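**Student:** Below is upload_4.pdb; it holds PDB, C-alpha atoms.
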```pdb
ATOM      1  CA  MET E   1      51.573 -13.766 -31.843
ATOM      2  CA  LEU E   2      53.498 -14.670 -28.716
ATOM      3  CA  ALA E   3      55.768 -11.687 -29.200
ATOM      4  CA  ALA E   4      52.773  -9.339 -29.368
ATOM      5  CA  ALA E   5      51.336 -10.757 -26.129
ATOM      6  CA  ILE E   6      54.680 -10.384 -24.353
ATOM      7  CA  GLN E   7      55.031  -6.828 -25.640
ATOM      8  CA  ARG E   8      51.496  -5.944 -24.436
ATOM      9  CA  LEU E   9      52.209  -7.458 -21.027
ATOM     10  CA  ALA E  10      55.446  -5.498 -20.777
ATOM     11  CA  ARG E  11      53.647  -2.246 -21.642
ATOM     12  CA  SER E  12      50.939  -2.830 -19.063
ATOM     13  CA  ALA E  13      53.499  -3.565 -16.341
ATOM     14  CA  THR E  14      55.153  -0.143 -16.586
ATOM     15  CA  TRP E  15      53.725   0.781 -13.210
ATOM     16  CA  LEU E  16      56.149  -1.673 -11.674
ATOM     17  CA  ARG E  17      59.091   0.453 -12.901
ATOM     18  CA  SER E  18      58.125   3.777 -11.334
ATOM     19  CA  PRO E  19      55.467   5.142  -8.986
ATOM     20  CA  ARG E  20      54.863   8.076 -11.350
ATOM     21  CA  ALA E  21      53.909   5.702 -14.156
ATOM     22  CA  PHE E  22      51.557   3.899 -11.787
ATOM     23  CA  VAL E  23      49.708   7.148 -10.928
ATOM     24  CA  ARG E  24      49.274   8.079 -14.612
ATOM     25  CA  SER E  25      48.168   4.601 -15.701
ATOM     26  CA  GLN E  26      44.581   4.318 -16.976
ATOM     27  CA  ASN E  27      44.462   0.507 -16.988
ATOM     28  CA  GLY E  28      41.488  -0.742 -14.942
ATOM     29  CA  ALA E  29      40.124   2.739 -14.210
ATOM     30  CA  ALA E  30      36.699   1.844 -15.549
ATOM     31  CA  ALA E  31      36.531  -1.245 -13.343
ATOM     32  CA  VAL E  32      37.426   0.764 -10.243
ATOM     33  CA  GLU E  33      34.943   3.508 -11.110
ATOM     34  CA  PHE E  34      32.217   0.926 -11.685
ATOM     35  CA  ALA E  35      32.997  -0.737  -8.357
ATOM     36  CA  LEU E  36      32.608   2.621  -6.601
ATOM     37  CA  VAL E  37      29.310   3.426  -8.313
ATOM     38  CA  ALA E  38      27.759  -0.061  -8.433
ATOM     39  CA  ALA E  39      26.968  -0.478  -4.717
ATOM     40  CA  PRO E  40      25.035   2.811  -4.317
ATOM     41  CA  PHE E  41      23.306   2.212  -7.653
ATOM     42  CA  VAL E  42      22.109  -1.268  -6.647
ATOM     43  CA  ALA E  43      21.012   0.070  -3.243
ATOM     44  CA  LEU E  44      19.012   2.822  -4.904
ATOM     45  CA  LEU E  45      17.481   0.368  -7.342
ATOM     46  CA  VAL E  46      16.392  -2.001  -4.538
ATOM     47  CA  ALA E  47      14.940   0.931  -2.571
ATOM     48  CA  ILE E  48      12.935   2.154  -5.569
ATOM     49  CA  ILE E  49      11.554  -1.292  -6.375
ATOM     50  CA  GLN E  50      10.658  -2.018  -2.752
ATOM     51  CA  SER E  51       8.955   1.375  -2.328
ATOM     52  CA  ALA E  52       6.999   0.881  -5.537
ATOM     53  CA  LEU E  53       5.784  -2.551  -4.413
ATOM     54  CA  VAL E  54       4.669  -1.238  -1.017
ATOM     55  CA  PHE E  55       2.787   1.695  -2.550
ATOM     56  CA  PHE E  56       1.232  -0.545  -5.204
ATOM     57  CA  ALA E  57       0.101  -3.069  -2.575
ATOM     58  CA  GLY E  58      -1.359  -0.251  -0.464
ATOM     59  CA  ARG E  59      -3.299   1.075  -3.428
ATOM     60  CA  VAL E  60      -4.647  -2.373  -4.299
ATOM     61  CA  LEU E  61      -5.698  -2.826  -0.651
ATOM     62  CA  ASP E  62      -7.504   0.544  -0.755
ATOM     63  CA  GLU E  63      -9.430  -0.428  -3.881
ATOM     64  CA  THR E  64     -10.306  -3.832  -2.449
ATOM     65  CA  THR E  65     -11.520  -2.325   0.827
ATOM     66  CA  GLU E  66     -13.639   0.212  -1.021
ATOM     67  CA  GLU E  67     -15.305  -2.488  -3.128
ATOM     68  CA  ALA E  68     -15.849  -4.851  -0.198
ATOM     69  CA  SER E  69     -17.278  -2.058   1.971
ATOM     70  CA  ARG E  70     -20.114  -1.588  -0.503
ATOM     71  CA  TYR E  71     -21.147  -5.131   0.312
ATOM     72  CA  ILE E  72     -21.698  -4.064   3.926
ATOM     73  CA  MET E  73     -23.131  -0.627   3.078
ATOM     74  CA  THR E  74     -25.884  -2.072   0.881
ATOM     75  CA  GLY E  75     -26.852  -4.630   3.531
ATOM     76  CA  GLN E  76     -25.868  -7.675   1.505
ATOM     77  CA  ALA E  77     -23.444  -8.827   4.232
ATOM     78  CA  SER E  78     -26.004  -8.438   7.042
ATOM     79  CA  LEU E  79     -28.944  -9.934   5.187
ATOM     80  CA  GLY E  80     -26.827 -12.794   3.876
ATOM     81  CA  GLY E  81     -25.541 -13.662   7.356
ATOM     82  CA  MET E  82     -21.926 -13.124   6.357
ATOM     83  CA  THR E  83     -19.385 -13.787   9.124
ATOM     84  CA  GLN E  84     -16.008 -12.132   9.614
ATOM     85  CA  ALA E  85     -14.284 -15.086   7.933
ATOM     86  CA  GLY E  86     -16.742 -14.893   5.053
ATOM     87  CA  PHE E  87     -16.063 -11.185   4.652
ATOM     88  CA  GLY E  88     -12.324 -11.917   4.683
ATOM     89  CA  THR E  89     -12.856 -14.439   1.887
ATOM     90  CA  TYR E  90     -14.895 -11.841  -0.016
ATOM     91  CA  VAL E  91     -12.040  -9.338   0.375
ATOM     92  CA  CYS E  92      -9.522 -11.942  -0.730
ATOM     93  CA  ASN E  93     -11.538 -12.871  -3.814
ATOM     94  CA  ASN E  94     -11.416  -9.233  -4.947
ATOM     95  CA  THR E  95      -7.609  -9.142  -4.860
ATOM     96  CA  PHE E  96      -5.147 -11.014  -6.988
ATOM     97  CA  ALA E  97      -2.058 -13.038  -6.128
ATOM     98  CA  LEU E  98      -0.389 -10.075  -4.457
ATOM     99  CA  PHE E  99      -1.699 -11.003  -1.004
ATOM    100  CA  THR E 100      -1.921 -14.166   1.102
ATOM    101  CA  CYS E 101      -5.580 -14.493   2.085
ATOM    102  CA  SER E 102      -4.952 -15.931   5.552
ATOM    103  CA  LYS E 103      -2.978 -12.830   6.565
ATOM    104  CA  PHE E 104      -5.836 -10.332   6.178
ATOM    105  CA  MET E 105      -7.047  -8.777   9.419
ATOM    106  CA  ILE E 106     -10.597  -7.404   9.247
ATOM    107  CA  ASN E 107     -11.995  -4.973  11.836
ATOM    108  CA  VAL E 108     -15.596  -3.772  11.329
ATOM    109  CA  GLN E 109     -17.236  -1.521  13.923
ATOM    110  CA  ASN E 110     -20.444   0.480  13.888
ATOM    111  CA  TYR E 111     -21.260   3.808  15.531
ATOM    112  CA  SER E 112     -24.334   5.960  15.947
ATOM    113  CA  ASP E 113     -22.796   9.109  14.426
ATOM    114  CA  PHE E 114     -19.688  10.224  12.542
ATOM    115  CA  SER E 115     -18.244  12.207  15.468
ATOM    116  CA  SER E 116     -17.896   9.096  17.624
ATOM    117  CA  ALA E 117     -16.397   6.933  14.847
ATOM    118  CA  SER E 118     -12.771   5.960  15.461
ATOM    119  CA  THR E 119     -10.466   5.454  12.484
ATOM    120  CA  THR E 120      -7.212   5.129  14.390
ATOM    121  CA  THR E 121      -5.034   2.210  13.425
ATOM    122  CA  PRO E 122      -5.095  -0.444  16.134
ATOM    123  CA  THR E 123      -1.818  -1.353  17.795
ATOM    124  CA  LEU E 124      -0.882  -4.920  16.993
ATOM    125  CA  THR E 125       0.234  -7.246  19.745
ATOM    126  CA  PHE E 126       2.325 -10.329  19.031
ATOM    127  CA  ASN E 127       2.877 -13.603  20.845
ATOM    128  CA  SER E 128       6.281 -15.257  21.249
ATOM    129  CA  SER E 129       5.932 -16.898  17.816
ATOM    130  CA  GLY E 130       5.405 -13.522  16.139
ATOM    131  CA  ASN E 131       1.697 -14.067  15.410
ATOM    132  CA  VAL E 132      -0.863 -11.296  15.956
ATOM    133  CA  THR E 133      -2.914 -11.863  19.118
ATOM    134  CA  ASN E 134      -5.467  -9.073  18.644
ATOM    135  CA  SER E 135      -9.120  -9.996  18.409
ATOM    136  CA  TRP E 136     -11.035  -8.024  15.810
ATOM    137  CA  SER E 137     -14.676  -7.053  15.969
ATOM    138  CA  TYR E 138     -17.161  -7.632  13.188
ATOM    139  CA  ASN E 139     -20.334  -5.620  13.644
ATOM    140  CA  THR E 140     -21.887  -4.450  10.382
ATOM    141  CA  GLY E 141     -24.602  -2.454  12.155
ATOM    142  CA  ASN E 142     -28.139  -1.645  11.114
ATOM    143  CA  PRO E 143     -29.547   0.557   8.358
ATOM    144  CA  GLY E 144     -28.450   4.160   8.927
ATOM    145  CA  ASP E 145     -25.526   3.261  11.220
ATOM    146  CA  ILE E 146     -22.034   4.618  10.670
ATOM    147  CA  VAL E 147     -19.622   1.783   9.909
ATOM    148  CA  VAL E 148     -15.818   1.797   9.971
ATOM    149  CA  VAL E 149     -14.178  -1.009   7.981
ATOM    150  CA  GLN E 150     -10.442  -1.551   8.441
ATOM    151  CA  VAL E 151      -8.603  -4.102   6.353
ATOM    152  CA  MET E 152      -5.043  -4.664   7.546
ATOM    153  CA  TYR E 153      -2.206  -6.695   6.100
ATOM    154  CA  GLN E 154       1.377  -7.302   7.217
ATOM    155  CA  TRP E 155       3.447  -6.721   4.099
ATOM    156  CA  PRO E 156       6.824  -8.502   4.216
ATOM    157  CA  VAL E 157       9.672  -6.048   3.757
ATOM    158  CA  VAL E 158      13.121  -7.012   2.575
ATOM    159  CA  LEU E 159      15.789  -5.053   4.379
ATOM    160  CA  GLY E 160      17.559  -3.139   1.676
ATOM    161  CA  PRO E 161      21.177  -2.146   1.467
ATOM    162  CA  LEU E 162      22.456   0.958   3.229
ATOM    163  CA  SER E 163      19.891   0.476   6.047
ATOM    164  CA  PHE E 164      16.892   1.375   3.864
ATOM    165  CA  ASN E 165      13.891  -0.047   5.683
ATOM    166  CA  LEU E 166      10.154   0.487   5.182
ATOM    167  CA  ALA E 167       9.090  -1.668   8.153
ATOM    168  CA  ASN E 168       6.834  -0.072  10.747
ATOM    169  CA  LEU E 169       6.203  -3.160  12.908
ATOM    170  CA  SER E 170       8.465  -4.765  15.487
ATOM    171  CA  ASN E 171       8.588  -8.012  13.485
ATOM    172  CA  GLY E 172      10.144  -6.292  10.450
ATOM    173  CA  ASN E 173       6.960  -6.103   8.349
ATOM    174  CA  ARG E 174       5.038  -3.074   7.161
ATOM    175  CA  LEU E 175       1.430  -2.746   8.293
ATOM    176  CA  LEU E 176      -0.785  -1.744   5.390
ATOM    177  CA  VAL E 177      -4.123  -0.380   6.578
ATOM    178  CA  SER E 178      -7.070   0.621   4.453
ATOM    179  CA  THR E 179     -10.055   2.260   6.124
ATOM    180  CA  ALA E 180     -13.529   2.938   4.765
ATOM    181  CA  VAL E 181     -16.091   4.992   6.696
ATOM    182  CA  PHE E 182     -19.670   5.143   5.477
ATOM    183  CA  LYS E 183     -23.317   5.268   6.491
ATOM    184  CA  ASN E 184     -25.315   2.123   5.865
ATOM    185  CA  GLU E 185     -28.069   2.489   3.295
ATOM    186  CA  PRO E 186     -31.679   1.905   4.355
ATOM    187  CA  TYR E 187     -31.978  -1.714   3.279
TER     188      TYR E 187
END
```
When written as structure tokens, how does the structure in this file appear?

**Tutor:**
Amino acid sequence: MLAAAIQRLARSATWLRSPRAFVRSQNGAAAVEFALVAAPFVALLVAIIQSALVFFAGRVLDETTEEASRYIMTGQASLGGMTQAGFGTYVCNNTFALFTCSKFMINVQNYSDFSSASTTTPTLTFNSSGNVTNSWSYNTGNPGDIVVVQVMYQWPVVLGPLSFNLANLSNGNRLLVSTAVFKNEPY
């Protein structure tokens, strides 16, 4: 047994005898090849997973905004005296554990016609602690008014390997915005 181990060790150390034997040696080639391929593979895997999570969260936010906007469109929010915080709670209750409820930003504005309605994403401003300092309006309008509902959320982004980054905010997060534009029903 010991003789076999010594013989195997002697065979594997042939690269010490000549440089030509070292070049032709196949010992450890798989480990080196794996080391070369592993880093880009892991980077690609992290990028795919992170992109999928961001797109999934955006889609869930779109669905939630669409459902919550019906609450305003049918007049239930106005007639029930719902506040901005109450509407935020309503939005949060229609999502699942994907989001932190306190981080939703709700902006509801009303207009007299579709041509004057603005759907541009507001620019966020931050204080020295990194908190958003914007003040959002909450005006659900009257029957027949055009209403723009924007639900925004700062999605935390993990900086991936090889400088892959989905962040679009200065604090390293990605701003997810879902907008619904509709005409209030005659309630």

**Student:** To one decimal in Å, tell me the separation between CA of Val91 (chain E) and CA of Ser135 (chain E).

**Tutor:**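 Interatomic distance, CA of Val91 (chain E) to CA of Ser135 (chain E): 18.3 Å.
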
**Student:** Mind telling me what the PyMOL selection byres ((chain E and resi 125) around 12) catches here, as a PyMOL selection string?

**Tutor:** chain E and resi 122-124+126-136+169-171

**Student:** So which residues get picked by the PyMOL selection byres ((chain E and resi 117) around 12) here, written as a ChimeraX atom specification?

**Tutor:** /E:108-116,118-120,145-149,179-183

**Student:** I'd like the contact shell of Leu53 (chain E) - 12 Å cut-off, only C-alpha atoms, skipping same-chain residues fewer than 2 positions apart - returned as a list of chain:residue names.

**Tutor:**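 Listed by chain and then number, they are E:Val46, E:Ala47, E:Ile48, E:Ile49, E:Gln50, E:Ser51, E:Phe55, E:Phe56, E:Ala57, E:Gly58, E:Arg59, E:Val60, E:Leu98, E:Phe99, E:Trp155, E:Pro156, E:Val157, E:Val158, E:Leu166, E:Arg174, E:Leu176.
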
**Student:** Report the distance between CA of Cys101 (chain E) and CA of Ala77 (chain E) in Å, rounded to one decimal place.

**Tutor:**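 For CA of Cys101 (chain E) relative to CA of Ala77 (chain E), the distance reads 18.9 Å.
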
**Student:** Find the spatial neighbours of Ser78 (chain E), counting all atoms listed in the file, within a cut-off of 12 Å - ignore same-chain residues fewer than 5 positions away - and output them as number ranges by chain.

**Tutor:** E: 69-73, 83-84, 86-87, 138-143, 184-185, 187

**Student:** Output C-alpha atoms for every residue in that selection, as a PDB file, in the frame of the given file.

**Tutor:**
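Output file result-v7.pdb is given in full below:
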```pdb
ATOM      1  CA  SER E  69     -17.278  -2.058   1.971  1.00  0.00           C
ATOM      2  CA  ARG E  70     -20.114  -1.588  -0.503  1.00  0.00           C
ATOM      3  CA  TYR E  71     -21.147  -5.131   0.312  1.00  0.00           C
ATOM      4  CA  ILE E  72     -21.698  -4.064   3.926  1.00  0.00           C
ATOM      5  CA  MET E  73     -23.131  -0.627   3.078  1.00  0.00           C
ATOM      6  CA  THR E  83     -19.385 -13.787   9.124  1.00  0.00           C
ATOM      7  CA  GLN E  84     -16.008 -12.132   9.614  1.00  0.00           C
ATOM      8  CA  GLY E  86     -16.742 -14.893   5.053  1.00  0.00           C
ATOM      9  CA  PHE E  87     -16.063 -11.185   4.652  1.00  0.00           C
ATOM     10  CA  TYR E 138     -17.161  -7.632  13.188  1.00  0.00           C
ATOM     11  CA  ASN E 139     -20.334  -5.620  13.644  1.00  0.00           C
ATOM     12  CA  THR E 140     -21.887  -4.450  10.382  1.00  0.00           C
ATOM     13  CA  GLY E 141     -24.602  -2.454  12.155  1.00  0.00           C
ATOM     14  CA  ASN E 142     -28.139  -1.645  11.114  1.00  0.00           C
ATOM     15  CA  PRO E 143     -29.547   0.557   8.358  1.00  0.00           C
ATOM     16  CA  ASN E 184     -25.315   2.123   5.865  1.00  0.00           C
ATOM     17  CA  GLU E 185     -28.069   2.489   3.295  1.00  0.00           C
ATOM     18  CA  TYR E 187     -31.978  -1.714   3.279  1.00  0.00           C
TER      19      TYR E 187
END
```

**Student:** With only C-alpha atoms as the basis for distance, which of E:Asn173, E:Ala68, E:Gly81, E:Ser178 is at the shortest distance from Asn94 (chain E)?

**Tutor:**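 Residue with the minimum atom-to-atom distance to Asn94 (chain E): E:Ala68.
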
**Student:** Quick check, in Å to one decimal: how far apart do CA of Glu63 (chain E) and CA of Thr89 (chain E) lie?

**Tutor:** 15.5 Å

**Student:** Check the smallest atom-to-atom distance from each of E:Val42, E:Leu175, E:Asn168, E:Ala35 to Lys103 (chain E) using only C-alpha atoms, then report the winner.

**Tutor:**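 Smallest separation from Lys103 (chain E) among the options: E:Leu175.
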
**Student:** When you count only C-alpha atoms, which of these residues is closest to Met152 (chain E): E:Thr65, E:Phe96, E:Ala39, E:Pro186?

**Tutor:** E:Thr65

**Student:** Would you please work out which residue, of E:Leu159, E:Val151, E:Val32, E:Leu2, is nearest to Gly88 (chain E) when using all atoms listed in the file?

**Tutor:**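 Answer, going by the shortest atom-to-atom distance: E:Val151.
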
**Student:** Mind giving me the axis-aligned box for region 119-138 of chain E with 4 Å on every side, centre plus edges in Å to one decimal, as AutoDock Vina command-line options?

**Tutor:**
```
--center_x -5.4 --center_y -5.7 --center_z 16.9 --size_x 31.4 --size_y 30.4 --size_z 16.8
```

**Student:** I need the residue nearest Ser102 (chain E) from this list: E:Ala38, E:Ala3, E:Leu79, E:Tyr153. Use only C-alpha atoms for the distance.

**Tutor:**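 The closest residue to Ser102 (chain E) is E:Tyr153.
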